[in-house]
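*Asks:* Structure supplied as start-v9.cif; contents: mmCIF, C-alpha atoms.
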```cif
data_model
loop_
_atom_site.label_atom_id
_atom_site.label_comp_id
_atom_site.auth_asym_id
_atom_site.auth_seq_id
_atom_site.Cartn_x
_atom_site.Cartn_y
_atom_site.Cartn_z
CA MET A 1 138.91 69.81 122.82
CA THR A 2 138.36 72.86 120.63
CA VAL A 3 138.72 76.36 122.09
CA ARG A 4 136.76 78.95 120.09
CA VAL A 5 138.56 82.26 119.48
CA ALA A 6 137.36 85.66 118.25
CA ILE A 7 139.87 88.34 117.19
CA ALA A 8 139.00 92.04 117.16
CA GLY A 9 141.30 94.15 115.02
CA ALA A 10 141.95 91.16 112.77
CA SER A 11 142.57 93.34 109.70
CA GLY A 12 145.77 94.72 111.28
CA TYR A 13 149.23 93.20 111.42
CA ALA A 14 149.00 91.84 114.99
CA GLY A 15 145.48 90.47 114.60
CA GLY A 16 146.30 88.93 111.25
CA GLU A 17 149.44 87.31 112.62
CA LEU A 18 147.51 85.86 115.55
CA ALA A 19 144.99 84.39 113.10
CA ARG A 20 147.86 82.91 111.05
CA LEU A 21 149.45 81.23 114.06
CA LEU A 22 146.15 79.87 115.38
CA ALA A 23 145.30 78.38 111.98
CA GLN A 24 147.96 75.74 112.65
CA HIS A 25 147.12 75.24 116.34
CA PRO A 26 145.57 71.85 117.13
CA GLU A 27 143.38 73.12 120.01
CA PHE A 28 142.40 76.74 119.24
CA GLU A 29 139.98 77.53 116.42
CA VAL A 30 139.40 81.06 115.14
CA THR A 31 135.71 81.35 114.28
CA THR A 32 135.23 85.13 114.17
CA LEU A 33 137.39 87.89 112.73
CA CYS A 34 136.32 91.47 113.46
CA ALA A 35 137.47 94.80 112.05
CA HIS A 36 136.46 98.44 111.86
CA SER A 37 136.84 100.03 108.44
CA ALA A 38 137.07 96.62 106.74
CA VAL A 39 133.70 95.31 108.00
CA GLY A 40 132.03 93.27 105.27
CA GLU A 41 135.21 92.81 103.25
CA SER A 42 136.56 89.33 102.64
CA VAL A 43 139.53 88.31 104.76
CA ALA A 44 141.32 87.35 101.55
CA SER A 45 141.14 90.92 100.26
CA VAL A 46 143.14 92.20 103.25
CA HIS A 47 145.20 89.12 104.16
CA PRO A 48 145.61 87.10 100.96
CA HIS A 49 148.19 84.90 102.69
CA LEU A 50 145.58 83.63 105.17
CA VAL A 51 144.08 81.01 102.88
CA ASP A 52 142.45 79.14 105.79
CA TYR A 53 140.16 82.13 106.34
CA ALA A 54 139.50 83.03 102.70
CA HIS A 55 135.83 82.04 103.08
CA LEU A 56 135.26 84.49 105.95
CA ARG A 57 134.37 88.18 106.00
CA PHE A 58 135.29 90.70 108.66
CA GLN A 59 132.47 91.28 111.10
CA GLU A 60 131.55 94.29 113.20
CA THR A 61 133.43 94.73 116.47
CA SER A 62 130.63 94.50 119.03
CA LEU A 63 129.73 92.69 122.23
CA GLU A 64 127.17 90.66 120.33
CA THR A 65 129.70 89.49 117.75
CA LEU A 66 132.47 88.76 120.25
CA GLY A 67 130.23 87.08 122.81
CA GLY A 68 129.98 83.32 123.07
CA HIS A 69 133.67 82.60 122.44
CA ASP A 70 136.11 80.94 124.83
CA VAL A 71 138.82 83.49 124.02
CA VAL A 72 138.43 87.07 122.84
CA ALA A 73 141.64 88.70 121.61
CA LEU A 74 141.77 92.48 121.19
CA ALA A 75 144.38 93.57 118.65
CA LEU A 76 143.46 97.24 118.67
CA PRO A 77 145.40 100.53 118.77
CA HIS A 78 146.04 102.01 122.21
CA GLY A 79 143.00 103.65 123.73
CA HIS A 80 140.55 101.39 121.88
CA SER A 81 140.49 98.24 123.99
CA GLY A 82 140.01 99.74 127.46
CA ALA A 83 136.28 100.40 127.35
CA LEU A 84 135.54 97.34 125.20
CA GLY A 85 137.62 95.16 127.52
CA ALA A 86 135.68 96.43 130.56
CA GLN A 87 132.38 95.62 128.86
CA LEU A 88 133.55 92.14 127.92
CA ARG A 89 134.76 91.41 131.44
CA GLU A 90 131.46 92.61 132.85
CA SER A 91 129.57 90.34 130.46
CA GLY A 92 131.67 87.36 131.55
CA SER A 93 130.88 85.55 128.34
CA GLN A 94 134.46 84.44 127.65
CA ARG A 95 136.89 82.34 129.70
CA LEU A 96 139.86 84.45 128.65
CA LEU A 97 140.21 88.04 127.45
CA VAL A 98 143.53 88.94 125.83
CA ASP A 99 144.68 92.46 124.95
CA LEU A 100 147.53 92.67 122.43
CA GLY A 101 147.49 96.47 122.69
CA ALA A 102 148.82 98.79 125.37
CA ASP A 103 145.68 99.62 127.35
CA HIS A 104 146.08 97.06 130.13
CA ARG A 105 149.88 96.79 130.48
CA LEU A 106 150.74 99.64 132.84
CA GLU A 107 150.08 99.53 136.58
CA ASP A 108 150.66 103.25 137.27
CA SER A 109 148.03 105.67 135.95
CA ARG A 110 150.57 108.51 136.05
CA GLU A 111 152.80 106.66 133.59
CA TRP A 112 149.81 106.12 131.31
CA ASP A 113 148.97 109.84 131.43
CA THR A 114 152.58 110.76 130.63
CA PHE A 115 153.18 108.38 127.72
CA TYR A 116 149.71 107.78 126.32
CA SER A 117 146.40 109.63 126.51
CA GLY A 118 142.79 109.02 127.41
CA GLU A 119 141.28 107.05 130.26
CA PHE A 120 143.48 104.71 132.28
CA SER A 121 142.40 101.06 132.30
CA GLU A 122 143.03 98.53 135.05
CA PRO A 123 146.08 96.36 134.38
CA PHE A 124 145.64 92.74 133.32
CA VAL A 125 148.02 89.92 134.20
CA TYR A 126 151.19 90.52 132.19
CA GLY A 127 151.77 87.81 129.60
CA MET A 128 155.55 87.34 129.64
CA PRO A 129 156.24 83.82 130.99
CA GLU A 130 160.04 84.29 130.97
CA LEU A 131 159.96 87.36 133.23
CA ALA A 132 161.47 86.26 136.54
CA ARG A 133 159.87 88.09 139.45
CA ALA A 134 161.79 89.08 142.58
CA GLN A 135 158.76 88.59 144.83
CA GLY A 136 155.48 86.73 144.88
CA PRO A 137 154.19 84.12 142.45
CA SER A 138 156.09 83.44 139.25
CA SER A 139 154.93 84.92 135.96
CA ARG A 140 153.82 81.48 134.78
CA GLU A 141 151.75 80.93 137.91
CA LEU A 142 150.01 84.28 137.44
CA ILE A 143 149.38 83.67 133.74
CA SER A 144 148.04 80.15 134.28
CA GLU A 145 145.34 81.43 136.65
CA ALA A 146 144.44 84.54 134.63
CA SER A 147 141.09 85.43 133.09
CA ALA A 148 142.51 88.55 131.42
CA LEU A 149 145.99 88.98 129.93
CA ALA A 150 147.99 91.96 128.67
CA ILE A 151 150.43 90.87 125.98
CA PRO A 152 153.78 92.74 126.16
CA GLY A 153 154.91 95.30 123.64
CA CYS A 154 157.42 93.98 121.09
CA ASN A 155 160.20 96.42 122.01
CA ALA A 156 159.51 95.85 125.70
CA THR A 157 159.96 92.10 125.21
CA ALA A 158 163.37 92.52 123.60
CA VAL A 159 164.76 95.02 126.12
CA THR A 160 163.25 93.42 129.22
CA LEU A 161 164.56 89.93 128.53
CA ALA A 162 167.97 91.32 127.57
CA LEU A 163 168.53 93.33 130.76
CA ALA A 164 166.42 91.70 133.49
CA PRO A 165 168.83 88.86 134.41
CA LEU A 166 171.84 91.18 134.69
CA LEU A 167 169.93 93.69 136.78
CA ALA A 168 168.50 91.00 139.05
CA ALA A 169 171.98 89.54 139.54
CA GLY A 170 173.41 92.94 140.47
CA MET A 171 175.81 92.92 137.52
CA ILE A 172 174.67 96.28 136.12
CA GLU A 173 173.57 99.53 137.70
CA PRO A 174 169.83 100.34 137.67
CA ARG A 175 170.63 103.89 136.56
CA ASP A 176 171.56 104.89 133.02
CA LEU A 177 170.34 101.80 131.20
CA GLY A 178 170.39 102.17 127.43
CA ALA A 179 168.60 100.60 124.48
CA GLN A 180 168.95 101.40 120.79
CA LEU A 181 166.45 99.61 118.59
CA ALA A 182 166.33 98.97 114.85
CA VAL A 183 162.67 98.21 114.09
CA GLY A 184 160.97 96.81 110.99
CA SER A 185 158.11 98.76 109.43
CA SER A 186 155.41 96.40 110.72
CA GLY A 187 156.33 97.49 114.24
CA ALA A 188 154.50 100.74 113.60
CA GLY A 189 151.23 98.99 112.74
CA ARG A 190 149.19 98.86 109.57
CA SER A 191 147.58 102.29 110.01
CA THR A 192 150.80 104.08 110.79
CA ARG A 193 152.04 107.65 110.61
CA SER A 194 152.70 108.94 107.13
CA ASP A 195 156.33 109.69 107.96
CA LEU A 196 156.96 106.04 108.87
CA ALA A 197 155.38 104.41 105.84
CA GLY A 198 155.67 103.77 102.13
CA SER A 199 158.36 105.51 100.12
CA GLU A 200 159.61 107.31 103.22
CA LEU A 201 161.10 103.99 104.38
CA PHE A 202 162.39 102.56 101.13
CA GLY A 203 166.19 102.52 101.27
CA SER A 204 166.17 104.80 104.29
CA ALA A 205 166.31 104.70 108.10
CA HIS A 206 164.08 106.95 110.18
CA ALA A 207 164.51 107.78 113.89
CA TYR A 208 161.37 108.30 115.95
CA SER A 209 160.13 108.73 119.54
CA LEU A 210 163.36 110.34 120.74
CA GLY A 211 163.85 112.34 123.93
CA GLY A 212 162.48 109.75 126.33
CA THR A 213 159.05 109.65 124.68
CA HIS A 214 158.87 106.05 123.45
CA ARG A 215 155.74 104.46 124.89
CA HIS A 216 157.42 101.20 125.83
CA ILE A 217 159.76 102.93 128.32
CA PRO A 218 157.41 102.77 131.34
CA GLU A 219 156.50 99.16 130.49
CA ILE A 220 160.17 98.16 130.47
CA ARG A 221 160.87 99.98 133.74
CA GLN A 222 157.85 98.28 135.30
CA ASN A 223 159.13 94.87 134.18
CA LEU A 224 162.64 95.51 135.47
CA ALA A 225 161.23 96.61 138.83
CA HIS A 226 159.35 93.31 139.12
CA ALA A 227 162.47 91.38 138.11
CA SER A 228 164.93 93.11 140.43
CA GLY A 229 162.99 95.10 143.02
CA GLN A 230 164.78 98.24 141.82
CA GLU A 231 163.65 101.42 140.13
CA THR A 232 165.56 102.15 136.94
CA THR A 233 166.30 104.94 134.49
CA LEU A 234 166.31 104.06 130.82
CA SER A 235 167.24 105.90 127.65
CA LEU A 236 165.57 104.27 124.66
CA SER A 237 165.78 105.33 121.02
CA ALA A 238 164.26 103.64 117.99
CA VAL A 239 165.05 103.71 114.29
CA MET A 240 162.66 102.41 111.65
CA VAL A 241 164.71 100.50 109.08
CA PRO A 242 163.78 99.11 105.65
CA MET A 243 162.80 95.57 106.65
CA SER A 244 159.24 94.32 106.98
CA ARG A 245 159.57 92.66 110.39
CA GLY A 246 162.08 92.25 113.17
CA ILE A 247 163.69 94.14 116.04
CA LEU A 248 167.39 94.32 116.84
CA ALA A 249 167.80 95.84 120.29
CA THR A 250 171.27 96.80 121.50
CA CYS A 251 170.89 97.13 125.27
CA SER A 252 173.48 98.16 127.83
CA GLY A 253 174.15 98.99 131.44
CA ILE A 254 177.06 100.18 133.58
CA ARG A 255 178.88 97.24 135.17
CA THR A 256 178.92 97.12 138.98
CA SER A 257 182.24 95.26 138.88
CA GLU A 258 184.75 94.14 136.27
CA TYR A 259 182.54 91.42 134.86
CA SER A 260 183.88 89.93 131.65
CA ALA A 261 181.88 89.11 128.54
CA SER A 262 182.11 85.49 129.68
CA ASP A 263 180.56 86.40 133.04
CA ILE A 264 177.72 88.27 131.32
CA HIS A 265 177.17 85.39 128.93
CA GLN A 266 177.09 82.86 131.77
CA ALA A 267 174.48 84.90 133.68
CA LEU A 268 172.19 85.03 130.67
CA TRP A 269 172.70 81.35 129.89
CA GLU A 270 171.81 80.35 133.45
CA ALA A 271 168.72 82.59 133.38
CA TYR A 272 167.37 81.11 130.15
CA GLU A 273 168.82 77.60 129.87
CA SER A 274 165.40 76.06 130.54
CA GLU A 275 163.45 78.51 128.38
CA ALA A 276 162.30 77.12 125.05
CA CYS A 277 161.63 80.53 123.48
CA VAL A 278 164.82 82.36 124.52
CA THR A 279 168.20 81.31 123.22
CA VAL A 280 171.65 82.68 124.09
CA ARG A 281 174.08 82.66 121.18
CA PRO A 282 177.62 81.30 121.76
CA LEU A 283 180.06 83.78 123.23
CA GLY A 284 181.61 85.90 120.48
CA THR A 285 178.56 85.73 118.20
CA LEU A 286 175.62 88.11 117.94
CA PRO A 287 172.09 87.40 116.71
CA LYS A 288 170.54 88.80 113.53
CA THR A 289 166.89 89.55 112.88
CA GLY A 290 166.92 87.31 109.81
CA GLU A 291 167.64 84.30 112.02
CA VAL A 292 164.41 84.66 114.02
CA VAL A 293 161.89 85.83 111.40
CA GLY A 294 158.76 83.69 111.58
CA SER A 295 159.78 82.11 114.90
CA ASN A 296 158.71 82.48 118.51
CA THR A 297 162.38 82.67 119.51
CA LEU A 298 164.17 85.64 121.03
CA ALA A 299 167.95 85.39 120.49
CA LEU A 300 170.56 87.07 122.69
CA GLY A 301 174.27 87.85 122.35
CA VAL A 302 176.66 89.73 124.64
CA GLY A 303 179.67 92.02 124.65
CA VAL A 304 181.57 94.37 126.96
CA ASP A 305 182.95 97.87 126.31
CA GLU A 306 185.88 98.22 128.68
CA ALA A 307 186.42 101.88 127.80
CA THR A 308 182.95 102.89 129.01
CA ASN A 309 182.49 100.10 131.58
CA ARG A 310 179.27 98.98 129.91
CA ALA A 311 177.90 95.49 129.45
CA PHE A 312 175.95 94.98 126.20
CA VAL A 313 173.23 92.51 125.32
CA VAL A 314 171.91 92.35 121.76
CA ALA A 315 168.40 90.93 121.32
CA ALA A 316 166.82 89.85 118.04
CA VAL A 317 163.11 89.08 117.79
CA ASP A 318 160.33 88.90 115.22
CA ASN A 319 158.08 91.72 116.41
CA LEU A 320 154.93 90.03 115.09
CA VAL A 321 155.60 86.56 116.52
CA LYS A 322 157.52 86.41 119.83
CA GLY A 323 157.05 90.18 120.00
CA THR A 324 153.23 90.00 119.81
CA ALA A 325 151.06 87.18 118.43
CA GLY A 326 153.38 84.31 119.37
CA ALA A 327 153.64 85.60 122.92
CA CYS A 328 149.85 85.68 122.97
CA VAL A 329 149.59 82.03 121.90
CA GLN A 330 152.27 81.09 124.44
CA SER A 331 150.24 82.60 127.29
CA MET A 332 146.95 81.21 125.95
CA ASN A 333 148.53 77.76 126.05
CA LEU A 334 149.44 78.24 129.70
CA VAL A 335 145.90 79.28 130.66
CA TRP A 336 144.46 76.15 129.05
CA GLY A 337 147.15 73.85 130.38
CA PHE A 338 148.54 73.01 126.94
CA PRO A 339 152.30 72.67 126.32
CA GLU A 340 153.61 76.22 126.24
CA THR A 341 155.00 76.05 122.70
CA LEU A 342 152.06 74.13 121.18
CA GLY A 343 151.28 75.53 117.72
CA LEU A 344 154.43 77.66 117.68
CA SER A 345 157.61 77.28 115.66
CA LEU A 346 160.95 78.01 117.27
CA ASN A 347 162.71 77.88 113.90
CA GLY A 348 163.33 80.94 111.78
CA VAL A 349 162.67 81.15 108.05
CA ALA A 350 165.79 80.58 105.95
CA PRO A 351 166.76 83.59 103.77
#
```
As structure tokens, what does this structure read like?
*Replies:*
Amino acid sequence: MTVRVAIAGASGYAGGELARLLAQHPEFEVTTLCAHSAVGESVASVHPHLVDYAHLRFQETSLETLGGHDVVALALPHGHSGALGAQLRESGSQRLLVDLGADHRLEDSREWDTFYSGEFSEPFVYGMPELARAQGPSSRELISEASALAIPGCNATAVTLALAPLLAAGMIEPRDLGAQLAVGSSGAGRSTRSDLAGSELFGSAHAYSLGGTHRHIPEIRQNLAHASGQETTLSLSAVMVPMSRGILATCSGIRTSEYSASDIHQALWEAYESEACVTVRPLGTLPKTGEVVGSNTLALGVGVDEATNRAFVVAAVDNLVKGTAGACVQSMNLVWGFPETLGLSLNGVAP
């Protein structure tokens, strides 16, 4: 069985990474790569590492080009996939529509208006299989039956999976959650702001989206509400650091009792012991981004600050794999009934 895939926004980091992962997948076949400014250019000129697609050229992003595929993946900047996604769903030409961008993640239009801009789009089924839900069907059940999927944001993946089990277990307060993220340059996208690119990053760290403005905040709060049934407050700050890919998220919450680091570790281990793509490091050790680069693994480690009564969970993830394209493949596998990790590596690349 061969499932035909078209990728819009394939000249960008997320779209290119999805193409790379699917090149080694035994069931999915990428037949069409679309772009905007790179239309007509060879794939090799933009992604020289994608040798399997060197014979292809980027095509125009249109209904005609994307139609006739089993899967259409939209790897577009926020605000660009909403209208196109609606047209594709109306056409009904594909079995599965996947949005790797932000347009279909949020359920509350007011949150969209506050953190983004432009027209609000209906939410798709959220593609995070490991997100335990306090009520209703499981995330995997919802994903398996979906015809349209919203792939989580990379930062949202790290923070959600770090804090959700502790919040659901009542081990931390829903108020005053914290997350400090060190983010690789690819997390800002290929067409990024001038202050977060090039020589501005070399040998330097750069804070951005401070003051409660980071766009993944409402997505994380939404996830934590589904996991625990509670509304939360979250302070999130991000720092762009001089590495090409990876996120190290240091997340924390106020303990509801005198839980030890061992208690926190046990809660996370029990939450994820059956999850292939989430690993909990041994107590006393913390994950590093270099350990997960190239893998679809999110690694967690824990600690406790007795002086401030805060429990800490450190999450390390490759923002382009488990943080984006790998999560997409994981959910695509579920929709088609394939093994969830088919075509994905859980091993990092050795330094």
*Asks:* Residues picked by the PyMOL selection byres ((chain A and resi 245) around 12) here, as a PyMOL selection string?
*Replies:* chain A and resi 13-14+17+154+182-189+240-244+246-248+289-295+316-324
*Asks:* Let me see the file: selected residues, C-alpha atoms, as a PDB file, in the coordinates of the input.
*Replies:*
```pdb
ATOM      1  CA  TYR A  13     149.230  93.200 111.420  1.00  0.00           C
ATOM      2  CA  ALA A  14     149.000  91.840 114.990  1.00  0.00           C
ATOM      3  CA  GLU A  17     149.440  87.310 112.620  1.00  0.00           C
ATOM      4  CA  CYS A 154     157.420  93.980 121.090  1.00  0.00           C
ATOM      5  CA  ALA A 182     166.330  98.970 114.850  1.00  0.00           C
ATOM      6  CA  VAL A 183     162.670  98.210 114.090  1.00  0.00           C
ATOM      7  CA  GLY A 184     160.970  96.810 110.990  1.00  0.00           C
ATOM      8  CA  SER A 185     158.110  98.760 109.430  1.00  0.00           C
ATOM      9  CA  SER A 186     155.410  96.400 110.720  1.00  0.00           C
ATOM     10  CA  GLY A 187     156.330  97.490 114.240  1.00  0.00           C
ATOM     11  CA  ALA A 188     154.500 100.740 113.600  1.00  0.00           C
ATOM     12  CA  GLY A 189     151.230  98.990 112.740  1.00  0.00           C
ATOM     13  CA  MET A 240     162.660 102.410 111.650  1.00  0.00           C
ATOM     14  CA  VAL A 241     164.710 100.500 109.080  1.00  0.00           C
ATOM     15  CA  PRO A 242     163.780  99.110 105.650  1.00  0.00           C
ATOM     16  CA  MET A 243     162.800  95.570 106.650  1.00  0.00           C
ATOM     17  CA  SER A 244     159.240  94.320 106.980  1.00  0.00           C
ATOM     18  CA  GLY A 246     162.080  92.250 113.170  1.00  0.00           C
ATOM     19  CA  ILE A 247     163.690  94.140 116.040  1.00  0.00           C
ATOM     20  CA  LEU A 248     167.390  94.320 116.840  1.00  0.00           C
ATOM     21  CA  THR A 289     166.890  89.550 112.880  1.00  0.00           C
ATOM     22  CA  GLY A 290     166.920  87.310 109.810  1.00  0.00           C
ATOM     23  CA  GLU A 291     167.640  84.300 112.020  1.00  0.00           C
ATOM     24  CA  VAL A 292     164.410  84.660 114.020  1.00  0.00           C
ATOM     25  CA  VAL A 293     161.890  85.830 111.400  1.00  0.00           C
ATOM     26  CA  GLY A 294     158.760  83.690 111.580  1.00  0.00           C
ATOM     27  CA  SER A 295     159.780  82.110 114.900  1.00  0.00           C
ATOM     28  CA  ALA A 316     166.820  89.850 118.040  1.00  0.00           C
ATOM     29  CA  VAL A 317     163.110  89.080 117.790  1.00  0.00           C
ATOM     30  CA  ASP A 318     160.330  88.900 115.220  1.00  0.00           C
ATOM     31  CA  ASN A 319     158.080  91.720 116.410  1.00  0.00           C
ATOM     32  CA  LEU A 320     154.930  90.030 115.090  1.00  0.00           C
ATOM     33  CA  VAL A 321     155.600  86.560 116.520  1.00  0.00           C
ATOM     34  CA  LYS A 322     157.520  86.410 119.830  1.00  0.00           C
ATOM     35  CA  GLY A 323     157.050  90.180 120.000  1.00  0.00           C
ATOM     36  CA  THR A 324     153.230  90.000 119.810  1.00  0.00           C
TER      37      THR A 324
END
```
*Asks:* When the PyMOL selection byres ((chain A and resi 103-110) around 8) is applied to the file above, which residues end up in the set, as a list in words?
*Replies:*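 After applying the PyMOL selection byres ((chain A and resi 103-110) around 8), what remains is His78, Gly79, His80, Ser81, Gly82, Asp99, Gly101, Ala102, Glu111, Trp112, Asp113, Thr114, Phe120, Ser121, Glu122, Pro123, Phe124, Tyr126, Ala150, Ile151, Pro152, Pro218, Glu219 and Gln222 of chain A.
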*Asks:* For the atom pair atom CA of A:Cys328 and atom CA of A:Leu344, what is the interatomic distance in Å to one decimal place?
*Replies:* 10.6 Å
*Asks:* To one decimal place in Å, what is the distance between atom CA of A:Gly303 and atom CA of A:His265?
*Replies:*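 Atom CA of A:Gly303 sits 8.3 Å away from atom CA of A:His265.
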*Asks:* Find, counting all atoms listed in the file, the residue in A:Leu224, A:Leu96, A:Leu283, A:Leu56 that gets nearest to A:Gly68.
*Replies:*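 With all atoms listed in the file as the atom set, the closest residue is A:Leu96.
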*Asks:* Run the PyMOL selection byres ((chain A and resi 165-179) around 6) mentally over the shown coordinates, then write out the matched residues as a ChimeraX atom specification, using the chain letters and numbers from the document.
*Replies:* /A:163-164,180,228,232-236,250-256
*Asks:* In Å, with one decimal, what is the gap from atom CA of A:Asn155 to atom CA of A:Val51?
*Replies:* 29.4 Å
*Asks:* Here is a test: counting only C-alpha atoms, which residue of A:Leu300, A:Ala156, A:Ala73, A:Leu21 is nearest to A:Gly343?
*Replies:* A:Leu21
*Asks:* With all atoms listed in the file as the atoms that count, which of A:His49, A:Arg95, A:Arg20, A:His69 lies nearest to A:Trp336?
*Replies:*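 Looking only at the distances to A:Trp336, the closest residue turns out to be A:Arg95.
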*Asks:* What's around stretch 32-46 of chain A at 10 Å? Count all atoms listed in the file, leave out sequence neighbours fewer than 6 positions away in its own chain, and write the answer as a PDB file with C-alpha atoms, in the coordinates of the input.
*Replies:*
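Done, and the output landed in around03.pdb:
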```pdb
ATOM      1  CA  ARG A   4     136.760  78.950 120.090  1.00  0.00           C
ATOM      2  CA  VAL A   5     138.560  82.260 119.480  1.00  0.00           C
ATOM      3  CA  ALA A   6     137.360  85.660 118.250  1.00  0.00           C
ATOM      4  CA  ILE A   7     139.870  88.340 117.190  1.00  0.00           C
ATOM      5  CA  ALA A   8     139.000  92.040 117.160  1.00  0.00           C
ATOM      6  CA  GLY A   9     141.300  94.150 115.020  1.00  0.00           C
ATOM      7  CA  ALA A  10     141.950  91.160 112.770  1.00  0.00           C
ATOM      8  CA  SER A  11     142.570  93.340 109.700  1.00  0.00           C
ATOM      9  CA  GLY A  12     145.770  94.720 111.280  1.00  0.00           C
ATOM     10  CA  GLY A  15     145.480  90.470 114.600  1.00  0.00           C
ATOM     11  CA  GLY A  16     146.300  88.930 111.250  1.00  0.00           C
ATOM     12  CA  ALA A  19     144.990  84.390 113.100  1.00  0.00           C
ATOM     13  CA  ASP A  52     142.450  79.140 105.790  1.00  0.00           C
ATOM     14  CA  TYR A  53     140.160  82.130 106.340  1.00  0.00           C
ATOM     15  CA  ALA A  54     139.500  83.030 102.700  1.00  0.00           C
ATOM     16  CA  HIS A  55     135.830  82.040 103.080  1.00  0.00           C
ATOM     17  CA  LEU A  56     135.260  84.490 105.950  1.00  0.00           C
ATOM     18  CA  ARG A  57     134.370  88.180 106.000  1.00  0.00           C
ATOM     19  CA  PHE A  58     135.290  90.700 108.660  1.00  0.00           C
ATOM     20  CA  GLN A  59     132.470  91.280 111.100  1.00  0.00           C
ATOM     21  CA  GLU A  60     131.550  94.290 113.200  1.00  0.00           C
ATOM     22  CA  THR A  61     133.430  94.730 116.470  1.00  0.00           C
ATOM     23  CA  SER A  62     130.630  94.500 119.030  1.00  0.00           C
ATOM     24  CA  THR A  65     129.700  89.490 117.750  1.00  0.00           C
ATOM     25  CA  LEU A  66     132.470  88.760 120.250  1.00  0.00           C
ATOM     26  CA  HIS A  69     133.670  82.600 122.440  1.00  0.00           C
ATOM     27  CA  VAL A  72     138.430  87.070 122.840  1.00  0.00           C
ATOM     28  CA  ALA A  73     141.640  88.700 121.610  1.00  0.00           C
ATOM     29  CA  LEU A  74     141.770  92.480 121.190  1.00  0.00           C
ATOM     30  CA  ALA A  75     144.380  93.570 118.650  1.00  0.00           C
ATOM     31  CA  LEU A  76     143.460  97.240 118.670  1.00  0.00           C
TER      32      LEU A  76
END
```
*Asks:* Report as number ranges by chain all protein, DNA and RNA residues lying within 12 Å of A:Ser144, evaluated on all atoms listed in the file, omitting residues in the same chain fewer than 3 positions from it.
*Replies:* A: 96, 125-129, 137-141, 147-149, 330-340
*Asks:* Measuring between only C-alpha atoms, which one of A:Lys288, A:Val278, A:Val304, A:Leu84 shows the shortest distance to A:Leu346?
*Replies:* A:Val278
*Asks:* Select, from A:Ala271, A:Leu63, A:Ala299, A:Leu161, the residue with the minimum atom-to-atom distance to A:Ala83, counting all atoms listed in the file.
*Replies:*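 Smallest separation from A:Ala83 among the options: A:Leu63.
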*Asks:* Applying 6 Å and all atoms listed in the file, which residues near A:Ala162 remain after dropping the ones on its own chain fewer than 2 positions away? List them as a short mmCIF file (atom, residue, chain, number, x, y, z; two decimals) with C-alpha atoms, in the coordinates of the input.
*Replies:*
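Okay, this is what ended up in selection.cif:
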```cif
data_model
loop_
_atom_site.label_atom_id
_atom_site.label_comp_id
_atom_site.auth_asym_id
_atom_site.auth_seq_id
_atom_site.Cartn_x
_atom_site.Cartn_y
_atom_site.Cartn_z
CA VAL A 159 164.76 95.02 126.12
CA THR A 160 163.25 93.42 129.22
CA VAL A 313 173.23 92.51 125.32
#
```
*Asks:* A:Leu22, A:Val71, A:Ala325, A:Val349: which is nearest A:Arg89, counting all atoms listed in the file?
*Replies:*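 Nearest to A:Arg89: A:Val71.
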*Asks:* Using all atoms of stretch 295-305 of chain A that appear in the file, construct an axis-aligned enclosing box with 5 Å of padding on every side and provide its centre coordinates and edge lengths in Å, rounded to one decimal, as lines of an AutoDock Vina configuration file.
*Replies:*
```
center_x = 170.8
center_y = 90.0
center_z = 120.9
size_x = 34.2
size_y = 25.8
size_z = 22.1
```
